[in-house]
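Chemist: You'll find upload.cif just under this line, and it carries mmCIF, C-alpha atoms and all ligand atoms.
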```cif
data_data
loop_
_atom_site.label_atom_id
_atom_site.label_comp_id
_atom_site.auth_asym_id
_atom_site.auth_seq_id
_atom_site.Cartn_x
_atom_site.Cartn_y
_atom_site.Cartn_z
CA MET A 29 83.14 -61.74 -12.61
CA SER A 30 81.53 -62.50 -15.95
CA ILE A 31 84.20 -65.19 -16.50
CA THR A 32 83.28 -67.19 -13.38
CA LYS A 33 79.61 -66.67 -14.14
CA ASN A 34 80.06 -68.27 -17.55
CA LEU A 35 81.87 -71.28 -16.13
CA HIS A 36 79.14 -72.13 -13.66
CA ASP A 37 75.96 -70.51 -12.40
CA PHE A 38 76.94 -69.81 -8.80
CA LYS A 39 74.20 -69.29 -6.22
CA PRO A 40 74.06 -65.84 -4.55
CA GLU A 41 75.33 -67.14 -1.19
CA SER A 42 78.46 -68.49 -2.91
CA LEU A 43 79.20 -65.09 -4.43
CA MET A 44 78.67 -62.87 -1.37
CA MET A 45 82.36 -63.08 -0.44
CA SER A 46 83.79 -62.08 -3.82
CA HIS A 47 81.32 -60.75 -6.38
CA GLY A 48 82.27 -57.47 -8.00
CA TYR A 49 85.59 -57.09 -6.15
CA LYS A 50 89.09 -57.33 -7.70
CA PRO A 51 91.80 -57.90 -5.01
CA SER A 52 94.52 -56.71 -7.42
CA LEU A 53 93.04 -53.19 -7.29
CA SER A 54 93.53 -53.14 -3.49
CA GLU A 55 97.08 -54.51 -2.89
CA GLY A 56 95.74 -58.09 -2.94
CA SER A 57 93.56 -57.55 0.13
CA ILE A 58 91.16 -60.51 0.25
CA LYS A 59 88.41 -58.26 1.58
CA CYS A 60 87.23 -55.03 0.07
CA PRO A 61 88.79 -52.23 2.19
CA ILE A 62 86.72 -49.38 3.61
CA PHE A 63 87.21 -46.60 1.07
CA GLN A 64 86.82 -43.87 3.66
CA THR A 65 87.35 -41.03 1.24
CA SER A 66 85.27 -38.12 -0.01
CA THR A 67 86.90 -37.69 -3.41
CA PHE A 68 88.97 -39.65 -5.95
CA VAL A 69 92.11 -38.49 -7.74
CA PHE A 70 91.99 -38.53 -11.55
CA ASP A 71 95.14 -39.79 -13.31
CA LYS A 72 94.81 -37.05 -15.89
CA ALA A 73 92.39 -34.26 -16.79
CA GLU A 74 91.05 -36.25 -19.77
CA ASP A 75 89.87 -38.96 -17.34
CA GLY A 76 88.04 -36.43 -15.16
CA LYS A 77 86.33 -35.07 -18.29
CA ALA A 78 85.33 -38.56 -19.46
CA PHE A 79 84.00 -39.59 -16.02
CA PHE A 80 81.81 -36.48 -15.76
CA GLU A 81 80.48 -36.89 -19.31
CA VAL A 82 79.15 -40.33 -18.37
CA ALA A 83 78.01 -39.32 -14.86
CA TYR A 84 76.01 -36.37 -16.18
CA GLY A 85 74.62 -38.32 -19.13
CA LEU A 86 76.26 -35.98 -21.65
CA ARG A 87 77.10 -39.06 -23.77
CA GLU A 88 76.51 -42.80 -23.67
CA PRO A 89 79.43 -44.81 -22.21
CA ALA A 90 81.51 -46.77 -24.73
CA GLU A 91 80.99 -50.53 -24.72
CA ASP A 92 83.84 -51.42 -22.32
CA GLU A 93 83.72 -48.13 -20.38
CA SER A 94 82.58 -48.22 -16.75
CA GLN A 95 81.77 -45.16 -14.69
CA GLY A 96 85.00 -43.82 -13.17
CA LEU A 97 85.17 -42.88 -9.49
CA ILE A 98 84.55 -39.16 -8.90
CA TYR A 99 83.20 -38.21 -5.48
CA SER A 100 81.58 -40.37 -2.76
CA ARG A 101 78.14 -38.77 -3.06
CA LEU A 102 78.06 -40.09 -6.67
CA ASN A 103 79.93 -43.37 -6.27
CA ASN A 104 82.32 -45.25 -3.99
CA PRO A 105 83.64 -48.84 -4.28
CA ASP A 106 82.01 -49.96 -1.01
CA LEU A 107 78.63 -48.87 -2.36
CA GLU A 108 79.06 -50.13 -5.90
CA ILE A 109 80.26 -53.60 -4.87
CA LEU A 110 77.49 -53.84 -2.27
CA GLU A 111 74.93 -52.86 -4.92
CA ASP A 112 76.28 -55.49 -7.34
CA ARG A 113 75.98 -58.16 -4.64
CA LEU A 114 72.46 -57.15 -3.64
CA THR A 115 71.23 -57.48 -7.25
CA LEU A 116 72.01 -61.24 -7.16
CA TRP A 117 69.29 -62.13 -4.62
CA ASP A 118 66.46 -60.49 -6.55
CA GLN A 119 68.01 -61.04 -10.00
CA ALA A 120 67.67 -57.31 -10.55
CA GLU A 121 69.56 -55.36 -13.20
CA ALA A 122 70.58 -52.61 -10.81
CA CYS A 123 70.54 -51.43 -7.20
CA ALA A 124 70.94 -48.16 -5.28
CA VAL A 125 71.80 -48.14 -1.57
CA PHE A 126 70.64 -45.47 0.87
CA GLU A 127 71.43 -44.22 4.34
CA SER A 128 68.12 -45.65 5.65
CA GLY A 129 65.10 -47.62 4.53
CA MET A 130 63.06 -44.43 4.81
CA SER A 131 65.41 -42.53 2.50
CA ALA A 132 65.13 -45.38 -0.05
CA ILE A 133 61.32 -45.29 0.17
CA SER A 134 60.91 -41.50 0.14
CA THR A 135 63.31 -41.13 -2.79
CA VAL A 136 61.34 -43.68 -4.84
CA LEU A 137 58.04 -41.92 -4.06
CA MET A 138 59.45 -38.51 -4.99
CA GLU A 139 61.05 -39.74 -8.22
CA PHE A 140 57.99 -41.49 -9.64
CA LEU A 141 55.19 -39.14 -8.52
CA GLN A 142 54.39 -35.59 -9.50
CA PRO A 143 51.65 -33.06 -8.67
CA GLY A 144 48.20 -34.27 -9.79
CA ASP A 145 49.21 -37.95 -9.75
CA LEU A 146 47.38 -40.63 -7.77
CA LEU A 147 49.18 -43.11 -5.51
CA LEU A 148 47.40 -46.32 -4.47
CA TYR A 149 48.92 -48.00 -1.40
CA SER A 150 48.30 -51.07 0.75
CA ASN A 151 47.46 -50.87 4.46
CA PRO A 152 48.97 -51.25 6.96
CA LEU A 153 52.39 -49.90 5.96
CA TYR A 154 55.47 -49.28 8.06
CA GLY A 155 54.63 -46.22 10.24
CA GLY A 156 57.26 -44.00 8.60
CA SER A 157 55.99 -44.87 5.12
CA THR A 158 52.38 -44.12 6.14
CA HIS A 159 53.45 -40.77 7.57
CA PHE A 160 55.37 -39.78 4.44
CA ILE A 161 52.50 -40.82 2.14
CA GLN A 162 49.68 -39.24 4.17
CA ASN A 163 51.39 -36.07 5.41
CA PHE A 164 54.16 -35.19 2.97
CA LEU A 165 52.96 -36.20 -0.52
CA PRO A 166 49.62 -34.29 -0.36
CA LYS A 167 51.57 -31.06 0.34
CA TYR A 168 52.93 -31.43 -3.19
CA GLY A 169 49.52 -31.99 -4.76
CA ILE A 170 49.78 -35.78 -4.93
CA HIS A 171 46.53 -37.69 -4.29
CA VAL A 172 46.84 -40.80 -2.14
CA VAL A 173 44.39 -43.60 -1.39
CA GLY A 174 44.77 -46.84 0.56
CA PHE A 175 43.33 -50.36 0.38
CA ARG A 176 43.42 -53.27 2.82
CA PRO A 177 44.45 -56.92 2.77
CA GLY A 178 41.54 -59.12 1.74
CA GLN A 179 39.95 -56.56 -0.59
CA THR A 180 39.24 -57.98 -4.03
CA ARG A 181 40.38 -56.49 -7.31
CA GLU A 182 36.81 -55.19 -7.88
CA GLU A 183 36.81 -53.45 -4.50
CA ILE A 184 40.19 -51.87 -5.22
CA GLU A 185 38.97 -50.69 -8.65
CA GLN A 186 35.98 -49.10 -6.91
CA ILE A 187 38.31 -47.31 -4.46
CA LEU A 188 40.20 -45.92 -7.47
CA ASP A 189 36.94 -44.76 -9.08
CA GLU A 190 35.82 -42.98 -5.92
CA THR A 191 38.97 -40.83 -5.88
CA GLY A 192 37.99 -39.20 -9.18
CA HIS A 193 41.67 -39.37 -10.22
CA ARG A 194 41.80 -42.88 -11.60
CA ASP A 195 43.22 -41.70 -14.94
CA LYS A 196 46.13 -40.16 -13.02
CA LEU A 197 47.19 -43.38 -11.27
CA ALA A 198 51.00 -43.28 -11.36
CA MET A 199 52.15 -45.73 -8.71
CA ILE A 200 50.98 -48.68 -6.63
CA TYR A 201 52.92 -49.07 -3.40
CA VAL A 202 52.70 -52.36 -1.51
CA GLU A 203 54.14 -53.81 1.67
CA THR A 204 53.66 -57.55 2.10
CA PRO A 205 53.51 -59.34 4.48
CA ALA A 206 52.01 -56.47 6.42
CA ASN A 207 53.43 -55.60 9.79
CA PRO A 208 52.54 -56.77 12.48
CA THR A 209 49.81 -59.25 11.52
CA ASN A 210 51.52 -60.93 8.53
CA ASP A 211 48.55 -60.20 6.23
CA LEU A 212 49.47 -60.82 2.58
CA ILE A 213 48.83 -58.51 -0.37
CA ASP A 214 48.63 -60.15 -3.80
CA ILE A 215 51.53 -58.69 -5.80
CA ALA A 216 50.39 -60.28 -9.08
CA CYS A 217 46.92 -58.73 -8.68
CA CYS A 218 48.52 -55.30 -8.12
CA HIS A 219 50.65 -55.88 -11.20
CA GLY A 220 47.43 -56.50 -13.15
CA ILE A 221 45.97 -53.19 -11.98
CA ALA A 222 49.20 -51.35 -12.82
CA ALA A 223 49.34 -52.96 -16.28
CA ASP A 224 45.70 -52.03 -17.03
CA HIS A 225 46.38 -48.39 -16.20
CA THR A 226 49.64 -48.22 -18.16
CA SER A 227 49.55 -46.58 -21.60
CA GLU A 228 52.20 -45.73 -24.21
CA ASP A 229 53.11 -42.47 -22.55
CA ARG A 230 52.27 -43.34 -18.97
CA LYS A 231 53.76 -46.25 -17.03
CA VAL A 232 52.19 -47.11 -13.68
CA VAL A 233 55.06 -48.22 -11.42
CA LEU A 234 54.50 -51.08 -8.96
CA ALA A 235 56.83 -50.68 -5.95
CA VAL A 236 57.07 -53.31 -3.18
CA ASP A 237 58.63 -52.92 0.27
CA ASN A 238 60.16 -56.40 0.62
CA THR A 239 61.79 -55.87 4.04
CA TYR A 240 59.71 -58.51 5.83
CA LEU A 241 60.60 -61.52 3.63
CA GLY A 242 63.41 -60.43 1.36
CA PRO A 243 65.80 -60.77 -0.15
CA LEU A 244 65.64 -64.56 0.35
CA TRP A 245 62.02 -65.57 0.59
CA GLN A 246 60.03 -63.30 -1.71
CA HIS A 247 61.03 -61.95 -5.13
CA PRO A 248 58.55 -59.24 -6.18
CA LEU A 249 60.34 -58.45 -9.45
CA LYS A 250 59.49 -61.97 -10.65
CA LEU A 251 55.84 -61.38 -9.71
CA GLY A 252 55.58 -58.25 -11.85
CA ALA A 253 56.87 -55.49 -9.55
CA ASP A 254 59.02 -52.76 -11.12
CA ILE A 255 60.79 -51.65 -7.96
CA VAL A 256 61.77 -53.50 -4.78
CA MET A 257 62.71 -51.58 -1.64
CA TYR A 258 64.40 -52.65 1.58
CA SER A 259 65.13 -51.38 5.00
CA ALA A 260 68.62 -52.95 4.98
CA THR A 261 68.61 -52.20 8.71
CA LYS A 262 66.65 -55.44 9.13
CA TYR A 263 67.65 -58.87 7.70
CA ILE A 264 70.28 -57.53 5.27
CA GLY A 265 72.25 -55.76 8.03
CA GLY A 266 71.04 -58.37 10.48
CA HIS A 267 73.07 -57.38 13.56
CA SER A 268 71.16 -54.35 14.89
CA ASP A 269 74.17 -52.13 14.24
CA VAL A 270 73.41 -50.15 11.05
CA ILE A 271 70.61 -48.12 9.51
CA ALA A 272 70.49 -48.48 5.71
CA GLY A 273 68.20 -49.00 2.73
CA ALA A 274 68.21 -50.36 -0.83
CA VAL A 275 66.16 -50.04 -4.03
CA LEU A 276 66.33 -52.55 -6.90
CA GLY A 277 64.87 -52.77 -10.38
CA SER A 278 65.69 -52.27 -14.05
CA ALA A 279 68.79 -50.29 -15.01
CA GLU A 280 66.51 -47.60 -16.47
CA LEU A 281 64.48 -47.05 -13.29
CA ILE A 282 67.47 -47.32 -10.94
CA THR A 283 69.37 -44.71 -12.97
CA ARG A 284 66.50 -42.30 -12.21
CA VAL A 285 66.55 -43.25 -8.52
CA LYS A 286 70.34 -42.80 -8.35
CA THR A 287 70.15 -39.42 -10.04
CA LEU A 288 67.73 -38.13 -7.40
CA ARG A 289 69.91 -39.75 -4.70
CA THR A 290 72.89 -37.76 -6.01
CA PHE A 291 71.01 -34.50 -5.50
CA LEU A 292 69.35 -35.41 -2.18
CA GLY A 293 72.71 -36.72 -0.98
CA ASN A 294 71.13 -39.61 0.94
CA MET A 295 73.48 -42.37 -0.23
CA THR A 296 75.09 -44.83 2.19
CA GLY A 297 78.49 -43.95 3.67
CA PRO A 298 81.51 -46.21 2.98
CA MET A 299 81.60 -47.68 6.50
CA THR A 300 77.94 -48.71 6.33
CA GLY A 301 78.51 -50.17 2.87
CA TRP A 302 81.40 -52.21 4.22
CA LEU A 303 79.38 -53.44 7.22
CA LEU A 304 76.56 -54.52 4.93
CA MET A 305 78.97 -56.47 2.71
CA ARG A 306 80.18 -58.25 5.80
CA SER A 307 76.56 -58.98 6.77
CA LEU A 308 75.73 -60.35 3.32
CA GLU A 309 78.29 -63.15 3.68
CA THR A 310 76.12 -64.79 6.36
CA LEU A 311 72.70 -63.58 5.16
CA LYS A 312 71.44 -66.96 4.05
CA VAL A 313 72.63 -68.98 7.07
CA ARG A 314 71.24 -66.36 9.43
CA MET A 315 67.84 -66.14 7.75
CA GLU A 316 67.47 -69.90 7.43
CA ARG A 317 68.25 -70.41 11.09
CA GLN A 318 65.85 -67.62 12.07
CA ALA A 319 63.03 -69.16 10.00
CA LYS A 320 63.69 -72.62 11.48
CA ASN A 321 63.61 -71.21 15.02
CA ALA A 322 60.45 -69.21 14.23
CA ALA A 323 58.63 -72.34 13.05
CA GLN A 324 59.36 -74.01 16.39
CA VAL A 325 58.43 -70.91 18.40
CA ALA A 326 55.13 -70.69 16.49
CA GLN A 327 54.47 -74.38 17.09
CA PHE A 328 55.08 -73.91 20.82
CA LEU A 329 52.87 -70.81 21.04
CA SER A 330 50.03 -72.40 19.06
CA THR A 331 49.38 -74.99 21.77
CA HIS A 332 50.01 -72.74 24.80
CA PRO A 333 46.95 -72.09 27.01
CA LYS A 334 47.87 -68.39 27.46
CA VAL A 335 47.91 -67.74 23.69
CA GLU A 336 44.62 -66.65 22.11
CA LYS A 337 45.56 -66.37 18.43
CA ILE A 338 48.72 -66.65 16.39
CA TYR A 339 49.73 -64.69 13.26
CA TYR A 340 52.39 -66.71 11.46
CA LEU A 341 52.71 -67.36 7.73
CA GLY A 342 53.27 -71.06 8.34
CA MET A 343 49.85 -71.37 10.02
CA LEU A 344 47.47 -69.48 7.73
CA THR A 345 43.88 -70.62 7.97
CA ASN A 346 42.21 -68.26 5.46
CA PRO A 347 42.22 -70.03 2.05
CA HIS A 348 42.77 -66.76 0.08
CA GLN A 349 45.76 -65.86 2.22
CA ARG A 350 47.11 -69.41 1.86
CA ALA A 351 46.79 -69.22 -1.92
CA ILE A 352 48.73 -65.93 -2.04
CA PHE A 353 51.35 -67.40 0.29
CA GLU A 354 51.85 -70.37 -2.00
CA ARG A 355 52.19 -68.16 -5.08
CA GLN A 356 54.52 -65.52 -3.72
CA CYS A 357 56.43 -66.61 -0.60
CA GLU A 358 59.23 -69.17 -0.35
CA SER A 359 59.29 -69.37 3.46
CA ALA A 360 57.11 -68.44 6.41
CA GLY A 361 59.88 -66.12 7.63
CA ALA A 362 60.93 -65.30 11.17
CA MET A 363 58.17 -62.92 12.31
CA VAL A 364 55.59 -64.36 14.70
CA SER A 365 52.85 -62.27 16.33
CA PHE A 366 50.28 -63.51 18.82
CA ASP A 367 47.40 -62.33 20.98
CA ILE A 368 48.02 -63.18 24.58
CA LYS A 369 44.94 -64.04 26.69
CA GLY A 370 43.95 -60.80 28.43
CA GLY A 371 45.05 -57.34 27.30
CA GLU A 372 47.79 -54.78 27.65
CA ALA A 373 48.63 -55.72 31.26
CA GLU A 374 49.22 -59.38 30.35
CA ALA A 375 51.19 -58.43 27.23
CA PHE A 376 53.39 -56.08 29.26
CA ARG A 377 54.00 -58.72 31.96
CA PHE A 378 55.10 -61.12 29.21
CA LEU A 379 57.44 -58.52 27.63
CA ASN A 380 58.89 -57.47 30.99
CA GLY A 381 59.44 -61.12 31.91
CA LEU A 382 61.66 -62.02 28.93
CA LYS A 383 65.24 -62.77 29.95
CA LEU A 384 66.96 -63.65 26.67
CA ALA A 385 64.88 -61.93 23.96
CA LYS A 386 65.22 -58.15 24.03
CA LEU A 387 62.34 -55.70 24.38
CA ALA A 388 62.94 -53.50 21.32
CA VAL A 389 61.45 -52.50 17.98
CA SER A 390 63.14 -53.45 14.66
CA LEU A 391 63.38 -56.98 13.27
CA GLY A 392 65.42 -59.47 11.30
CA SER A 393 68.44 -59.39 13.56
CA THR A 394 70.58 -62.16 15.11
CA GLU A 395 69.03 -61.54 18.54
CA SER A 396 65.34 -62.18 19.16
CA LEU A 397 63.27 -59.04 19.70
CA ALA A 398 59.81 -58.56 21.18
CA GLN A 399 57.55 -55.50 21.22
CA HIS A 400 53.96 -54.32 21.69
CA PRO A 401 52.67 -52.90 18.36
CA ALA A 402 49.59 -51.10 19.77
CA THR A 403 51.67 -48.86 22.06
CA MET A 404 55.03 -48.95 20.25
CA THR A 405 55.48 -49.35 16.44
CA HIS A 406 51.81 -48.60 15.69
CA ALA A 407 51.14 -46.10 18.50
CA GLY A 408 50.43 -43.33 15.96
CA MET A 409 47.62 -45.23 14.23
CA ALA A 410 44.00 -44.14 14.78
CA PRO A 411 42.13 -46.44 17.23
CA GLU A 412 39.46 -47.45 14.63
CA GLU A 413 42.18 -48.30 12.14
CA LYS A 414 44.00 -50.41 14.76
CA GLU A 415 40.79 -52.29 15.42
CA ILE A 416 40.14 -53.02 11.74
CA LEU A 417 43.72 -54.24 11.33
CA ARG A 418 43.53 -56.34 14.56
CA ILE A 419 46.35 -54.46 16.29
CA SER A 420 44.83 -55.08 19.71
CA PRO A 421 46.23 -54.37 23.22
CA SER A 422 46.90 -58.11 23.60
CA LEU A 423 49.08 -58.35 20.46
CA VAL A 424 52.79 -59.08 20.85
CA ARG A 425 55.24 -59.17 17.92
CA LEU A 426 58.33 -61.39 17.94
CA SER A 427 61.28 -61.26 15.58
CA VAL A 428 62.98 -64.59 16.07
CA GLY A 429 66.79 -64.66 16.11
CA VAL A 430 69.53 -67.28 15.81
CA GLU A 431 69.74 -68.36 19.46
CA HIS A 432 69.51 -72.03 20.48
CA ILE A 433 65.87 -73.05 20.13
CA ASP A 434 65.73 -74.64 23.61
CA ASP A 435 66.79 -71.34 25.18
CA LEU A 436 64.22 -69.37 23.19
CA ILE A 437 61.38 -71.72 24.11
CA TRP A 438 62.46 -71.68 27.75
CA ASP A 439 62.48 -67.88 27.75
CA ILE A 440 59.08 -67.50 26.07
CA SER A 441 57.60 -70.19 28.29
CA GLN A 442 58.76 -68.61 31.57
CA ALA A 443 57.63 -65.14 30.43
CA LEU A 444 54.19 -66.54 29.56
CA GLU A 445 53.99 -68.02 33.06
CA GLN A 446 54.54 -64.52 34.48
CA ALA A 447 51.81 -63.05 32.26
C1 LIG A 501 62.19 -50.59 9.37
C2 LIG A 501 61.33 -50.56 8.16
C3 LIG A 501 61.35 -49.46 7.29
C4 LIG A 501 62.18 -48.22 7.56
O1 LIG A 501 63.55 -48.51 7.47
P1 LIG A 501 64.69 -47.66 8.25
O2 LIG A 501 65.93 -48.40 7.85
O3 LIG A 501 64.38 -47.72 9.70
O4 LIG A 501 64.64 -46.28 7.71
C5 LIG A 501 60.55 -49.52 6.17
N1 LIG A 501 59.77 -50.57 5.91
C6 LIG A 501 59.71 -51.64 6.73
C7 LIG A 501 58.81 -52.78 6.40
C8 LIG A 501 60.49 -51.67 7.88
O5 LIG A 501 60.41 -52.72 8.70
#
```
Spit out the file's structure as structure tokens when you get a sec.
Modeler:
Amino acid sequence: MSITKNLHDFKPESLMMSHGYKPSLSEGSIKCPIFQTSTFVFDKAEDGKAFFEVAYGLREPAEDESQGLIYSRLNNPDLEILEDRLTLWDQAEACAVFESGMSAISTVLMEFLQPGDLLLYSNPLYGGSTHFIQNFLPKYGIHVVGFRPGQTREEIEQILDETGHRDKLAMIYVETPANPTNDLIDIACCHGIAADHTSEDRKVVLAVDNTYLGPLWQHPLKLGADIVMYSATKYIGGHSDVIAGAVLGSAELITRVKTLRTFLGNMTGPMTGWLLMRSLETLKVRMERQAKNAAQVAQFLSTHPKVEKIYYLGMLTNPHQRAIFERQCESAGAMVSFDIKGGEAEAFRFLNGLKLAKLAVSLGSTESLAQHPATMTHAGMAPEEKEILRISPSLVRLSVGVEHIDDLIWDISQALEQA
């Protein structure tokens, strides 16, 4: 691969069909086979010894020595090639893939936090992430504190002071844009806070859940993040047929993440790895079409008499939010939320009236999906918190797919009539 790289700097979408795979190692098969195997045969005992020495960090690998295949909990070609391909989008040094977005996220939190540490996190987060942070981490003596979109650096610093554990800040965890209202968190500002609290012997890690806009439209590593996480179930998988996750960052940090993954055993299986490689070949065309459709759906909704308010990154009115958008996002994405005039009854009539878009949670897939955050994805959130974050009974969230735009607009229009 390094040879083709040197000849010409190929774009990621041009490399998704071939990067990291040598057909000659698989009988000339143009596609990477599914290596549905638990273990790998060593040619000779000396090889097995050498592979384990490197895997267990007993010695540094020689210059031209790559990690040999041992056992599919440690490594497997479908995972390694997938990881190599995923690094291209975020220009990351290394990647680790997981059996779900939640396993990627929980493994990162467990690796970089220890008892007594303080975690600062943005609100709102994906429900599963909130649950893990608020209910699991404190059991292990980890202090956690949240902040909200729109809070200034001074306000966040004050939140840190009020915890009494500011000197123990170990990680800042951010999800942006926030689900379901597309509120933006300033990654560069969080990087500044992390940098100010980092000392010689204590690095504050900035981790960003990039599921909502990545890996195409937002590149947190470039904005100062140390770790980027994905639910690969969403855009990366893109067909509503796999659950998977990914973590990217420097080789040093990803080695730590992979070591914990080895012992938790929450790596991706070969079949899922293979499905994700297949998905990556069309990632860019899918996402671009979804974003184009979303812009037209948002345009249609914004002038509709039954729509009260629209939450779409291409129509931000708050100047602070617009400034963050311009600094850190490369597209408005394919997620559009809106308040329908009325309340839950009107929202439900709209959802029940859809004929083409499906009524389901999840996002980033080829088919358009619609759901009701207040009673579905965010049902577990406290009522006061929902109110502060504007997750009202009239809010509907759309994930726009790749269908023909005329059909989507027709569907949304007729469902709005029924509302
Ligand atoms: C879906 C999602 C997750 C969880 O991922 P799973 O693959 O379902 O485990 C985490 N973060 C965000 C933003 C998500 O949308």
Chemist: Find the residue from A:Val236, A:Leu426, A:Val173, A:Ala447 that sits nearest to A:Lys369; use only C-alpha atoms when measuring.
Modeler: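 Closest to A:Lys369, using only C-alpha atoms: A:Ala447.
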Chemist: Compile a residue-level contact table for chain A against ligand LIG 501 (chain A) at a cut-off of 8 Å, reporting for every qualifying residue the shortest atom pair and its distance in Å to one decimal, with only C-alpha atoms and all ligand atoms counted, rows ordered by chain and ascending number, as JSON lines.
Modeler:
```
{"residue": "A:Glu127", "atom": "CA", "partner": "A:LIG501", "partner_atom": "O2", "distance": 7.7}
{"residue": "A:Ser128", "atom": "CA", "partner": "A:LIG501", "partner_atom": "O4", "distance": 4.1}
{"residue": "A:Gly129", "atom": "CA", "partner": "A:LIG501", "partner_atom": "O1", "distance": 3.4}
{"residue": "A:Met130", "atom": "CA", "partner": "A:LIG501", "partner_atom": "O4", "distance": 3.8}
{"residue": "A:Ser131", "atom": "CA", "partner": "A:LIG501", "partner_atom": "O4", "distance": 6.5}
{"residue": "A:Ala132", "atom": "CA", "partner": "A:LIG501", "partner_atom": "O4", "distance": 7.8}
{"residue": "A:Ile133", "atom": "CA", "partner": "A:LIG501", "partner_atom": "C5", "distance": 7.4}
{"residue": "A:Leu153", "atom": "CA", "partner": "A:LIG501", "partner_atom": "C7", "distance": 7.1}
{"residue": "A:Tyr154", "atom": "CA", "partner": "A:LIG501", "partner_atom": "N1", "distance": 5.0}
{"residue": "A:Gly155", "atom": "CA", "partner": "A:LIG501", "partner_atom": "C5", "distance": 7.9}
{"residue": "A:Gly156", "atom": "CA", "partner": "A:LIG501", "partner_atom": "C4", "distance": 6.6}
{"residue": "A:Ser157", "atom": "CA", "partner": "A:LIG501", "partner_atom": "C5", "distance": 6.6}
{"residue": "A:Glu203", "atom": "CA", "partner": "A:LIG501", "partner_atom": "C7", "distance": 6.7}
{"residue": "A:Ala206", "atom": "CA", "partner": "A:LIG501", "partner_atom": "C7", "distance": 7.7}
{"residue": "A:Asn207", "atom": "CA", "partner": "A:LIG501", "partner_atom": "C7", "distance": 7.0}
{"residue": "A:Asp237", "atom": "CA", "partner": "A:LIG501", "partner_atom": "C7", "distance": 6.1}
{"residue": "A:Asn238", "atom": "CA", "partner": "A:LIG501", "partner_atom": "C7", "distance": 7.0}
{"residue": "A:Thr239", "atom": "CA", "partner": "A:LIG501", "partner_atom": "C7", "distance": 4.9}
{"residue": "A:Tyr240", "atom": "CA", "partner": "A:LIG501", "partner_atom": "C7", "distance": 5.8}
{"residue": "A:Tyr258", "atom": "CA", "partner": "A:LIG501", "partner_atom": "N1", "distance": 6.7}
{"residue": "A:Ser259", "atom": "CA", "partner": "A:LIG501", "partner_atom": "O1", "distance": 4.1}
{"residue": "A:Ala260", "atom": "CA", "partner": "A:LIG501", "partner_atom": "O2", "distance": 6.0}
{"residue": "A:Thr261", "atom": "CA", "partner": "A:LIG501", "partner_atom": "O2", "distance": 4.7}
{"residue": "A:Lys262", "atom": "CA", "partner": "A:LIG501", "partner_atom": "C1", "distance": 6.6}
{"residue": "A:Ile271", "atom": "CA", "partner": "A:LIG501", "partner_atom": "O2", "distance": 5.0}
{"residue": "A:Ala272", "atom": "CA", "partner": "A:LIG501", "partner_atom": "O2", "distance": 5.0}
{"residue": "A:Gly273", "atom": "CA", "partner": "A:LIG501", "partner_atom": "O2", "distance": 5.6}
{"residue": "A:Ser390", "atom": "CA", "partner": "A:LIG501", "partner_atom": "C1", "distance": 6.1}
{"residue": "A:Leu391", "atom": "CA", "partner": "A:LIG501", "partner_atom": "O5", "distance": 6.9}
```
Chemist: Extract, using all atoms listed in the file, all DNA, RNA and protein residues at most 8 Å from A:Gly277, discarding same-chain residues fewer than 2 positions from it, and format them as a PyMOL selection string.
Modeler: chain A and resi 120-123+249+254-256+275+279+281-282
Chemist: Please, which residues in stretch 217-284 of chain A fall within 12 Å of stretch 313-336 of chain A when counting all atoms listed in the file, and what is the closest atom pair and distance in Å to one decimal for each, ordered by chain then residue number, as JSON lines?
Modeler:
```
{"residue": "A:Tyr240", "atom": "CA", "partner": "A:Met315", "partner_atom": "CA", "distance": 11.3}
{"residue": "A:Leu241", "atom": "CA", "partner": "A:Met315", "partner_atom": "CA", "distance": 9.5}
{"residue": "A:Gly242", "atom": "CA", "partner": "A:Met315", "partner_atom": "CA", "distance": 9.6}
{"residue": "A:Pro243", "atom": "CA", "partner": "A:Met315", "partner_atom": "CA", "distance": 9.8}
{"residue": "A:Leu244", "atom": "CA", "partner": "A:Met315", "partner_atom": "CA", "distance": 7.9}
{"residue": "A:Trp245", "atom": "CA", "partner": "A:Met315", "partner_atom": "CA", "distance": 9.2}
{"residue": "A:Lys262", "atom": "CA", "partner": "A:Met315", "partner_atom": "CA", "distance": 10.9}
{"residue": "A:Tyr263", "atom": "CA", "partner": "A:Met315", "partner_atom": "CA", "distance": 7.3}
{"residue": "A:Ile264", "atom": "CA", "partner": "A:Met315", "partner_atom": "CA", "distance": 9.3}
{"residue": "A:Gly265", "atom": "CA", "partner": "A:Arg314", "partner_atom": "CA", "distance": 10.7}
{"residue": "A:Gly266", "atom": "CA", "partner": "A:Arg314", "partner_atom": "CA", "distance": 8.1}
{"residue": "A:His267", "atom": "CA", "partner": "A:Arg314", "partner_atom": "CA", "distance": 10.1}
```
Chemist: Please provide as a ChimeraX atom specification all residues within 7 Å of stretch 191-197 of chain A, with the sequence filter that same-chain residues fewer than 2 positions apart are discarded (counting all atoms listed in the file).
Modeler: /A:145-147,187-189,199,232
Chemist: Could you state the separation of atom CA of A:Thr283 and atom CA of A:Arg230 in Å, given to one decimal place?
Modeler: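 Here the two named atoms are 18.2 Å from each other.
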Chemist: Would you please work out which residue, of A:Arg306, A:His36, A:His247, A:Arg355, is nearest to A:Cys60 when using only C-alpha atoms?
Modeler: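 Selected residue with least distance to A:Cys60: A:Arg306.
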Chemist: Measuring between only C-alpha atoms, which one of A:Ser441, A:Gln179, A:Thr394, A:Thr209 shows the shortest distance to A:Ser268?
Modeler: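 Among the listed residues, the smallest separation from A:Ser268 belongs to A:Thr394.
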